[in-house]
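Structure file structure_34.csv; described as CSV, C-alpha atoms.
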chain,number,residue,atom,x,y,z
C,272,MET,CA,-206.2,166.1,-4.3
C,273,THR,CA,-206.8,167.2,-7.9
C,274,GLY,CA,-203.6,169.1,-8.6
C,275,HIS,CA,-201.5,165.9,-8.9
C,276,VAL,CA,-199.5,166.3,-12.0
C,277,ARG,CA,-196.4,164.3,-12.9
C,278,THR,CA,-193.8,165.5,-15.3
C,279,PHE,CA,-193.6,163.8,-18.6
C,280,PRO,CA,-190.0,163.5,-19.5
C,281,ASP,CA,-190.2,161.1,-22.4
C,282,CYS,CA,-192.1,163.4,-24.7
C,283,GLY,CA,-189.5,166.1,-25.2
C,284,THR,CA,-190.8,168.9,-27.3
C,285,LEU,CA,-193.9,167.1,-28.4
C,286,MET,CA,-195.7,167.8,-25.1
C,287,THR,CA,-195.4,170.8,-22.9
C,288,PHE,CA,-196.6,169.7,-19.6
C,289,ARG,CA,-196.7,172.4,-17.1
C,290,GLU,CA,-197.1,172.0,-13.4
C,291,GLN,CA,-200.6,173.3,-12.8
C,292,PRO,CA,-201.3,174.6,-9.3
C,293,MET,CA,-204.9,174.2,-8.3
C,294,THR,CA,-206.7,177.3,-9.6
C,295,GLY,CA,-210.3,178.4,-9.5
C,296,GLN,CA,-211.3,176.0,-6.8
C,297,ALA,CA,-215.0,175.4,-7.2
C,298,THR,CA,-217.4,175.6,-4.3
C,299,MET,CA,-218.9,172.3,-5.3
C,300,ALA,CA,-216.9,169.3,-4.6
C,301,SER,CA,-215.0,168.2,-7.7
C,302,ILE,CA,-215.7,164.7,-8.6
C,303,GLU,CA,-212.6,162.9,-9.5
C,304,LEU,CA,-212.1,159.6,-11.2
C,305,PRO,CA,-209.5,157.5,-9.5
C,306,GLU,CA,-206.0,157.6,-10.9
C,307,ASP,CA,-205.6,154.7,-13.2
C,308,GLY,CA,-205.1,151.8,-10.9
C,309,ARG,CA,-203.6,149.6,-13.6
C,310,GLY,CA,-200.4,151.6,-13.8
C,311,GLY,CA,-198.3,148.6,-13.0
C,312,ASP,CA,-199.8,146.7,-15.9
C,313,LEU,CA,-199.1,149.6,-18.2
C,314,THR,CA,-195.4,149.6,-17.4
C,315,VAL,CA,-195.3,145.9,-18.2
C,316,LEU,CA,-197.3,146.2,-21.4
C,317,VAL,CA,-195.2,149.1,-22.8
C,318,LYS,CA,-192.0,147.3,-21.9
C,319,ASN,CA,-193.2,144.1,-23.5
C,320,ALA,CA,-194.5,145.8,-26.6
C,321,ALA,CA,-191.1,147.6,-26.9
C,322,ALA,CA,-189.5,144.2,-26.8
C,323,GLY,CA,-191.7,143.0,-29.7
C,324,ASP,CA,-194.6,141.3,-27.9
C,325,GLN,CA,-197.7,141.7,-30.2
C,326,ASP,CA,-200.1,140.6,-27.4
C,327,ALA,CA,-198.9,143.4,-25.2
C,328,TRP,CA,-199.4,145.8,-28.1
C,329,ASP,CA,-202.9,144.5,-28.7
C,330,ALA,CA,-203.7,145.1,-25.1
C,331,LEU,CA,-202.7,148.7,-25.4
C,332,VAL,CA,-204.8,149.0,-28.5
C,333,ALA,CA,-207.8,147.5,-26.8
C,334,ARG,CA,-207.4,149.9,-23.9
C,335,TYR,CA,-206.9,153.2,-25.7
C,336,THR,CA,-208.5,153.1,-29.1
C,337,ASN,CA,-211.9,154.1,-27.8
C,338,LEU,CA,-210.4,157.0,-25.9
C,339,LEU,CA,-208.4,158.2,-28.9
C,340,TRP,CA,-211.6,157.9,-31.0
C,341,SER,CA,-213.4,160.0,-28.4
C,342,VAL,CA,-210.8,162.7,-28.5
C,343,ALA,CA,-210.9,162.9,-32.3
C,344,ARG,CA,-214.7,163.0,-32.4
C,345,GLY,CA,-214.6,165.5,-29.5
C,346,TYR,CA,-212.8,167.7,-32.0
C,347,ARG,CA,-215.6,167.1,-34.5
C,348,LEU,CA,-213.6,165.4,-37.1
C,349,GLU,CA,-215.5,163.4,-39.7
C,350,ARG,CA,-215.5,159.7,-38.9
C,351,SER,CA,-213.0,158.9,-41.7
C,352,ASP,CA,-210.6,161.7,-40.6
C,353,ALA,CA,-211.0,160.6,-37.0
C,354,ALA,CA,-210.1,157.0,-38.0
C,355,ASP,CA,-207.0,158.2,-39.8
C,356,VAL,CA,-205.7,160.3,-37.0
C,357,VAL,CA,-206.2,157.5,-34.5
C,358,GLN,CA,-204.3,155.1,-36.8
C,359,VAL,CA,-201.5,157.6,-37.2
C,360,ALA,CA,-201.2,158.0,-33.5
C,361,TRP,CA,-200.7,154.2,-33.2
C,362,LEU,CA,-198.2,154.3,-36.1
C,363,ARG,CA,-196.3,157.0,-34.2
C,364,LEU,CA,-196.3,155.1,-31.0
C,365,VAL,CA,-194.7,152.2,-32.7
C,366,GLU,CA,-191.9,154.5,-33.7
C,367,HIS,CA,-191.8,156.1,-30.3
C,368,LEU,CA,-191.9,152.8,-28.2
C,369,PRO,CA,-188.1,152.4,-27.8
C,370,LYS,CA,-187.9,155.9,-26.4
C,371,VAL,CA,-190.8,155.8,-23.9
C,372,ARG,CA,-189.4,156.5,-20.5
C,373,ASP,CA,-192.7,156.9,-18.5
C,374,PRO,CA,-194.9,154.1,-19.6
C,375,GLU,CA,-197.8,155.1,-17.3
C,376,ARG,CA,-198.2,158.2,-19.4
C,377,VAL,CA,-198.6,156.4,-22.7
C,378,GLY,CA,-202.3,157.1,-22.9
C,379,ALA,CA,-201.7,160.8,-22.4
C,380,TRP,CA,-199.0,160.6,-25.1
C,381,LEU,CA,-201.3,159.0,-27.5
C,382,ALA,CA,-204.2,161.4,-26.8
C,383,THR,CA,-201.9,164.4,-27.2
C,384,THR,CA,-200.7,163.0,-30.6
C,385,VAL,CA,-204.3,162.6,-31.7
C,386,ARG,CA,-205.1,166.2,-30.6
C,387,ARG,CA,-202.2,167.6,-32.5
C,388,GLU,CA,-203.2,165.6,-35.6
C,389,CYS,CA,-206.8,166.8,-35.2
C,390,LEU,CA,-205.7,170.4,-35.1
C,391,GLN,CA,-203.7,169.9,-38.2
C,392,VAL,CA,-206.6,168.3,-40.0
C,393,ILE,CA,-208.9,171.1,-39.0
C,394,ALA,CA,-206.3,173.8,-40.1
C,395,ARG,CA,-205.9,172.1,-43.4
C,396,ARG,CA,-209.7,171.8,-43.9
C,397,ARG,CA,-210.0,175.5,-43.0
C,398,ARG,CA,-207.6,176.4,-45.7
C,399,GLY,CA,-204.4,177.1,-44.1
C,400,SER,CA,-204.5,178.8,-40.7
C,401,PRO,CA,-203.3,177.1,-37.6
C,402,VAL,CA,-206.1,176.5,-35.2
C,403,ASP,CA,-205.9,176.6,-31.4
C,404,ASP,CA,-208.3,175.5,-28.8
C,405,GLU,CA,-209.7,179.0,-28.2
C,406,ILE,CA,-210.7,179.4,-31.9
C,407,LEU,CA,-212.1,175.9,-31.8
C,408,ALA,CA,-214.3,176.6,-28.9
C,409,GLY,CA,-216.2,179.2,-30.9
C,410,ILE,CA,-216.7,177.3,-34.2
C,411,PRO,CA,-220.0,175.7,-34.9
C,412,ASP,CA,-220.3,172.1,-35.5
C,413,GLN,CA,-219.0,171.1,-38.9
C,414,ALA,CA,-219.7,167.3,-38.8
C,415,PRO,CA,-222.9,165.4,-38.2
C,416,PRO,CA,-221.7,163.9,-35.0
C,417,VAL,CA,-223.6,160.7,-34.8
C,418,ASP,CA,-226.1,158.6,-36.6
C,419,ALA,CA,-229.1,159.2,-34.4
C,420,ALA,CA,-230.9,156.4,-36.1
C,421,LEU,CA,-228.6,154.0,-34.3
C,422,LEU,CA,-229.9,155.1,-30.9
C,423,ALA,CA,-232.5,152.5,-30.1
C,424,HIS,CA,-234.5,154.4,-27.6
C,425,GLU,CA,-236.3,157.7,-27.7
C,426,GLN,CA,-234.7,158.6,-24.4
C,427,ALA,CA,-231.2,158.1,-25.8
C,428,THR,CA,-232.1,160.2,-28.8
C,429,ALA,CA,-233.3,163.0,-26.6
C,430,LEU,CA,-230.1,162.7,-24.6
C,431,TRP,CA,-228.0,163.0,-27.7
C,432,SER,CA,-230.0,165.9,-29.0
C,433,ALA,CA,-229.4,167.7,-25.7
C,434,PHE,CA,-225.7,166.8,-25.8
C,435,GLU,CA,-225.4,168.5,-29.2
C,436,GLU,CA,-226.9,171.7,-27.8
C,437,ILE,CA,-224.4,172.3,-25.1
C,438,ALA,CA,-221.4,174.4,-25.7
C,439,PRO,CA,-218.6,173.0,-27.9
C,440,ARG,CA,-216.1,173.0,-25.0
C,441,CYS,CA,-218.5,171.0,-22.9
C,442,GLN,CA,-219.2,168.6,-25.7
C,443,ARG,CA,-215.4,168.1,-26.2
C,444,LEU,CA,-214.8,167.4,-22.5
C,445,LEU,CA,-217.8,165.1,-22.1
C,446,ARG,CA,-217.1,163.2,-25.3
C,447,VAL,CA,-213.7,162.4,-24.0
C,448,LEU,CA,-215.0,161.5,-20.5
C,449,MET,CA,-217.5,159.2,-22.3
C,450,ALA,CA,-214.6,157.0,-23.6
C,451,ASP,CA,-214.8,153.4,-22.7
C,452,PRO,CA,-213.0,152.5,-20.5
C,453,PRO,CA,-213.3,155.9,-18.7
C,454,PRO,CA,-210.0,157.8,-18.9
C,455,SER,CA,-208.1,159.0,-15.9
C,456,TYR,CA,-208.3,162.7,-15.2
C,457,SER,CA,-204.6,163.0,-15.8
C,458,ASP,CA,-204.9,161.6,-19.3
C,459,VAL,CA,-207.9,163.9,-20.0
C,460,SER,CA,-205.9,166.9,-18.7
C,461,VAL,CA,-203.1,166.2,-21.1
C,462,ALA,CA,-205.4,165.2,-24.0
C,463,LEU,CA,-207.4,168.5,-23.8
C,464,GLU,CA,-204.7,170.8,-22.3
C,465,MET,CA,-206.9,171.5,-19.3
C,466,PRO,CA,-205.6,171.8,-15.8
C,467,VAL,CA,-206.5,168.7,-13.9
C,468,GLY,CA,-208.1,170.8,-11.2
C,469,SER,CA,-210.6,172.3,-13.6
C,470,ILE,CA,-211.9,169.0,-15.0
C,471,GLY,CA,-214.2,168.1,-12.1
C,472,PRO,CA,-215.9,171.5,-11.9
C,473,THR,CA,-216.2,171.9,-15.6
C,474,ARG,CA,-217.6,168.4,-15.9
C,475,ALA,CA,-220.2,169.2,-13.2
C,476,ARG,CA,-221.2,172.5,-15.0
C,477,CYS,CA,-221.5,170.8,-18.4
C,478,LEU,CA,-223.6,167.9,-17.0
C,479,ASP,CA,-225.8,170.4,-15.1
C,480,ARG,CA,-226.4,172.2,-18.4
C,481,LEU,CA,-227.2,168.9,-20.1
C,482,ARG,CA,-229.6,168.0,-17.3
C,483,ASP,CA,-231.4,171.3,-17.7
C,484,LEU,CA,-231.8,170.8,-21.5
C,485,LEU,CA,-233.1,167.3,-20.9
C,486,ASP,CA,-235.6,168.6,-18.3
C,487,GLN,CA,-236.8,171.3,-20.7
C,488,ALA,CA,-237.2,168.8,-23.5
C,489,GLU,CA,-239.1,166.5,-21.2
C,490,SER,CA,-241.4,169.2,-20.0
C,491,ASN,CA,-242.1,170.3,-23.5
C,492,ALA,CA,-242.9,166.8,-24.6
C,493,GLY,CA,-245.0,166.3,-21.5
C,494,GLY,CA,-247.0,169.4,-22.3
C,495,GLY,CA,-248.0,167.8,-25.5
C,496,ARG,CA,-247.4,170.9,-27.6
E,237,MET,CA,-223.4,156.6,-8.1
E,238,THR,CA,-224.2,160.3,-8.2
E,239,GLU,CA,-226.6,161.8,-10.7
E,240,HIS,CA,-223.7,163.2,-12.7
E,241,ASP,CA,-222.1,159.8,-12.9
E,242,ALA,CA,-225.3,158.2,-14.0
E,243,LEU,CA,-225.8,160.8,-16.7
E,244,LEU,CA,-222.3,160.3,-18.0
E,245,ASP,CA,-222.9,156.6,-17.9
E,246,ARG,CA,-226.0,157.1,-20.1
E,247,LEU,CA,-223.9,159.2,-22.5
E,248,ARG,CA,-221.2,156.6,-22.6
E,249,ARG,CA,-223.8,153.9,-23.6
E,250,ALA,CA,-225.3,156.3,-26.2
E,251,ALA,CA,-221.8,157.0,-27.7
E,252,LEU,CA,-221.0,153.3,-27.9
E,253,ALA,CA,-224.3,152.7,-29.7
E,254,ALA,CA,-224.4,155.8,-32.0
E,255,ASP,CA,-220.7,156.7,-32.5
E,256,PRO,CA,-218.5,153.7,-32.0
E,257,PRO,CA,-215.0,153.5,-33.6
E,258,PRO,CA,-215.2,151.9,-37.0
E,259,PRO,CA,-214.9,148.1,-36.5
E,260,GLU,CA,-211.7,148.0,-38.6
E,261,LEU,CA,-209.9,150.6,-36.5
E,262,GLU,CA,-208.6,148.3,-33.8
E,263,GLY,CA,-207.4,145.9,-36.5
E,264,SER,CA,-205.4,148.5,-38.2
E,265,ALA,CA,-204.0,149.7,-34.9
E,266,ARG,CA,-202.9,146.1,-34.1
E,267,ALA,CA,-201.4,145.8,-37.5
E,268,ALA,CA,-199.4,149.0,-37.0
E,269,PHE,CA,-197.1,147.0,-34.7
E,270,GLY,CA,-196.0,144.7,-37.5
E,271,LEU,CA,-194.9,147.6,-39.7
E,272,SER,CA,-191.8,148.4,-37.6
E,273,ARG,CA,-188.6,146.5,-37.4
E,274,LEU,CA,-186.0,146.8,-34.7
E,275,ASP,CA,-183.2,147.0,-37.3
E,276,GLU,CA,-184.7,150.1,-38.9
E,277,GLU,CA,-183.3,153.5,-38.2
E,278,LEU,CA,-185.8,156.3,-37.9
E,279,ALA,CA,-184.9,159.5,-39.8
E,280,THR,CA,-185.4,162.9,-38.2
E,281,LEU,CA,-187.9,165.4,-39.5
E,282,LEU,CA,-186.0,168.5,-40.5
E,283,HIS,CA,-188.7,170.5,-42.2
E,284,ASP,CA,-192.5,170.4,-42.6
E,285,SER,CA,-194.4,172.9,-44.6
E,286,GLU,CA,-197.5,172.3,-42.4
E,287,GLN,CA,-195.6,173.6,-39.4
E,288,GLU,CA,-194.8,176.9,-41.0
E,289,SER,CA,-196.3,180.2,-39.9
E,290,VAL,CA,-199.5,181.6,-41.5
E,291,ALA,CA,-197.6,184.2,-43.5
E,292,VAL,CA,-195.8,181.7,-45.7
E,293,ARG,CA,-198.6,179.2,-46.0
E,294,GLY,CA,-200.9,178.8,-48.9
E,295,ASP,CA,-204.3,177.2,-49.0
E,296,GLY,CA,-205.1,173.7,-48.1
E,297,ASP,CA,-204.5,172.4,-51.6
E,298,GLU,CA,-200.8,173.1,-51.7
E,299,PRO,CA,-198.4,170.2,-51.7
E,300,HIS,CA,-197.1,169.1,-48.4
E,301,LEU,CA,-193.3,169.5,-48.4
E,302,LEU,CA,-191.1,167.6,-45.9
E,303,SER,CA,-187.4,166.9,-45.4
E,304,PHE,CA,-185.9,164.1,-43.4
E,305,GLY,CA,-182.4,163.2,-42.5
E,306,SER,CA,-180.3,160.6,-40.9
E,307,ASP,CA,-176.5,160.1,-40.4
E,308,ASP,CA,-176.1,158.7,-43.9
E,309,VAL,CA,-179.1,159.5,-46.0
E,310,GLY,CA,-181.9,162.0,-46.4
E,311,ALA,CA,-185.2,162.5,-48.3
E,312,ASP,CA,-187.2,165.5,-49.5
E,313,LEU,CA,-190.8,164.7,-50.1
E,314,GLU,CA,-193.7,166.5,-51.9
E,315,ILE,CA,-197.1,165.0,-51.3
E,316,THR,CA,-200.0,166.2,-53.5
E,317,ALA,CA,-203.7,165.2,-53.3
E,318,THR,CA,-204.9,163.9,-56.6
E,319,THR,CA,-208.2,162.4,-57.8
E,320,ASP,CA,-207.0,158.9,-57.0
E,321,GLY,CA,-205.3,159.4,-53.7
E,322,HIS,CA,-201.9,161.2,-53.4
E,323,GLU,CA,-198.9,161.6,-55.6
E,324,VAL,CA,-195.6,161.3,-53.8
E,325,THR,CA,-192.5,162.7,-55.5
E,326,GLY,CA,-189.2,163.1,-53.8
E,327,THR,CA,-185.5,163.1,-53.9
E,328,VAL,CA,-183.2,160.9,-51.8
E,329,HIS,CA,-179.7,161.9,-50.8
E,330,GLY,CA,-176.7,159.7,-50.0
E,331,PRO,CA,-175.9,156.1,-50.8
E,332,VAL,CA,-179.5,154.8,-51.2
E,333,ARG,CA,-179.8,151.5,-53.1
E,334,LYS,CA,-183.6,151.0,-52.9
E,335,VAL,CA,-186.6,153.3,-52.2
E,336,THR,CA,-190.0,152.1,-51.1
E,337,VAL,CA,-193.0,154.4,-50.6
E,338,GLN,CA,-195.0,152.6,-47.9
E,339,THR,CA,-198.5,153.0,-46.5
E,340,PRO,CA,-200.0,150.9,-43.7
E,341,ASP,CA,-201.5,148.5,-46.2
E,342,ASP,CA,-199.3,148.8,-49.3
E,343,ALA,CA,-195.8,149.3,-50.5
E,344,HIS,CA,-194.8,151.0,-53.8
E,345,ASN,CA,-191.3,150.1,-54.9
E,346,VAL,CA,-190.0,153.0,-56.9
E,347,THR,CA,-186.9,153.6,-58.9
E,348,HIS,CA,-184.9,156.7,-58.3
E,349,ASP,CA,-182.9,158.3,-61.1
E,350,GLN,CA,-179.2,159.3,-60.9
E,351,HIS,CA,-180.2,162.5,-59.1
E,352,GLY,CA,-182.2,160.5,-56.5
E,353,ARG,CA,-185.6,161.6,-57.8
E,354,PHE,CA,-188.6,159.4,-57.7
E,355,ARG,CA,-192.4,159.6,-58.2
E,356,THR,CA,-195.4,157.4,-57.5
E,357,ASN,CA,-199.1,157.9,-57.9
E,358,GLY,CA,-202.3,156.5,-56.3
E,359,VAL,CA,-201.0,156.4,-52.8
E,360,THR,CA,-203.9,155.9,-50.5
E,361,GLY,CA,-204.3,155.2,-46.7
E,362,ALA,CA,-204.0,157.1,-43.5
E,363,ALA,CA,-200.3,157.8,-43.8
E,364,VAL,CA,-197.2,157.3,-45.9
E,365,ARG,CA,-193.5,157.0,-45.2
E,366,VAL,CA,-190.4,156.3,-47.3
E,367,ARG,CA,-188.1,153.4,-46.6
E,368,MET,CA,-184.5,153.7,-47.9
E,369,GLU,CA,-182.1,150.8,-48.0
E,370,THR,CA,-178.5,151.9,-48.2
E,371,GLU,CA,-175.6,150.4,-50.1
E,372,THR,CA,-174.1,149.4,-46.7
E,373,GLY,CA,-177.2,147.4,-45.7
E,374,VAL,CA,-178.7,149.9,-43.3
E,375,THR,CA,-182.5,150.6,-43.6
E,376,VAL,CA,-183.7,154.1,-42.8
E,377,VAL,CA,-187.4,155.0,-42.6
E,378,THR,CA,-189.0,158.4,-42.3
E,379,PRO,CA,-191.6,159.0,-39.6
E,380,TRP,CA,-195.2,158.4,-40.8
E,381,VAL,CA,-196.8,161.4,-42.6
E,382,ARG,CA,-200.5,161.6,-42.4
E,383,LEU,CA,-202.2,161.8,-45.8
E,384,GLY,CA,-205.2,164.1,-46.3

Spell out the structure here as structure tokens.
Amino acid sequence: MTGHVRTFPDCGTLMTFREQPMTGQATMASIELPEDGRGGDLTVLVKNAAAGDQDAWDALVARYTNLLWSVARGYRLERSDAADVVQVAWLRLVEHLPKVRDPERVGAWLATTVRRECLQVIARRRRGSPVDDEILAGIPDQAPPVDAALLAHEQATALWSAFEEIAPRCQRLLRVLMADPPPSYSDVSVALEMPVGSIGPTRARCLDRLRDLLDQAESNAGGGR
Amino acid sequence: MTEHDALLDRLRRAALAADPPPPELEGSARAAFGLSRLDEELATLLHDSEQESVAVRGDGDEPHLLSFGSDDVGADLEITATTDGHEVTGTVHGPVRKVTVQTPDDAHNVTHDQHGRFRTNGVTGAAVRVRMETETGVTVVTPWVRLG
């Protein structure tokens, strides 16, 4: 069941969350991460944070900061801009805490806030015009994504080189799926404005493409020249 | 674990090694919690020049103009990038006794003139907001505005 989408009543106009029927069912089985099994904890954490409990807040921070970072870097923001938008998302959540009505969706709310801020940063950097995801999909990389020197192993460097060659849309999805801890598909769906049902098939296609590039690189290296 | 899962797992490890969040990011996110007080009233965003349509927008160097309001007070802000951060100028409306221009790490106490106007320079950080204490003892803060 991949079409499972809940409404998101606490976000008002910030988030437009449409019911998405399953469309474009892929022939390959879509691989789905489990729904976040810690929903109960989340409700308690958000409630306690709203009541002023710093420990509960810190737990939310520990849980979502890497995801938010991954979303911002998936949109190819420079590291300093990415850090700013993530910090702003947390500042906004503090303001929003008293109004959260669906605590289990707090990760999606944060990720959406980051995405909106990313699009604003990109629009400002690109001198004025609003940017949407379709435009973004076509733009070339504008930030050196990572410090490849930090990748200890040759294999990991090859992996990252291949990753940088796949389509921007694929990079964005995979960068978010790489978040630690792994995000739920429903959070990813909201964060990237993708129907839940398309995440599994798209993920599979993107990973297949990555695998092909890796195999090519390996056979080239194996050939010696 | 499927081959796809294994590949994604390798990517996750590579991302953690090569593109981790800056170490100070979690600390600033934790500290965000202490910047809010239950007795503060959050003003409503009434206008934001960055939300305007393309036709009336200028280039990326134009000042960012915003208006906020609450039941009793309001604030119009103009945020301009400068060589040493940002300049924040603004006008407060209503019975405002004290104005503070706040960033996550700093607070600039500013004096407003008889028309409610104020100005401060060298504002740096991820975001800025204005805190207004009213003559009746209410504190109103604007939502955070991202700088840069």

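Point (-194.9, 155.9, -45.5) has the following residues at most 7 Å away: Val337, Gln338, Thr339, Ala363, Val364, Arg365, Val366, Trp380 and Val381 of chain E (atoms considered: only C-alpha atoms).
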
Coordinates-based distance that separates atom CA of E:Gly358 from atom CA of E:Asp320 (Å, one decimal):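 Taking atom CA of E:Asp320 as the start and atom CA of E:Gly358 as the end point, the length is 5.3 Å.
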
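Any residue of chain E with an atom within 7 Å of chain C counts; using only C-alpha atoms, that gives His240, Leu244, Leu247, Arg248, Ala250, Ala253, Ala254, Asp255, Pro257, Leu261, Glu262, Ser264, Ala265, Arg266, Ala268, Phe269, Ser272, Val290, Arg293, Gly294, Asp295, Gly296, Ala362, Ala363, Trp380 and Arg382 of chain E.
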
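If only C-alpha atoms are the atoms counted, then among E:Pro331, E:Gly310, E:Pro340, E:Gly326 the closest residue to E:Phe354 is E:Gly326.
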
Selected residue of minimal separation from E:Glu286 among E:Arg367, E:Val309, E:Asn357, E:Gly384, counting all atoms listed in the file: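 Using all atoms listed in the file, the shortest distance to E:Glu286 belongs to E:Gly384.
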
Separation of atom CA of C:Arg334 from atom CA of E:Arg249, in Å and rounded to one decimal: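 Distance between the two atoms: 16.9 Å.
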
Atom-to-atom span, atom CA of E:Ser303 and atom CA of C:Val461, Å: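 If I compute the distance from atom CA of E:Ser303 to atom CA of C:Val461, I get 28.9 Å.
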
Which residue of E:Leu281, E:Leu243, E:Leu252, E:Val332 approaches E:Leu313 most closely, using all atoms listed in the file: E:Leu281

Shortest interatomic distance to E:Glu323 - which of E:Glu276, E:Ala251, E:Thr372, E:Leu383, counting only C-alpha atoms: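 Looking only at the distances to E:Glu323, the closest residue turns out to be E:Leu383.
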
Near-stretch 373-376 of chain E list (12 Å; all atoms listed in the file; drop same-chain fewer than 5 positions) as number ranges by chain: E: 272-280, 304-311, 328-336, 365-368

Distance query 10 Å from (-199.2, 164.3, -31.2) using only C-alpha atoms, result as a PyMOL selection string: chain C and resi 282+285-286+356+359-360+363-364+379-390+462

Top pick for closest residue to E:Thr360, considering E:Val377, E:Ile315, E:Val346, E:Ala267 and counting all atoms listed in the file: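 Closest residue, counting all atoms listed in the file: E:Ile315.
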
Residue among C:Ala343, C:Pro374, C:Ser460, C:Ile470 lying closest to E:Pro256, counting all atoms listed in the file: C:Ala343
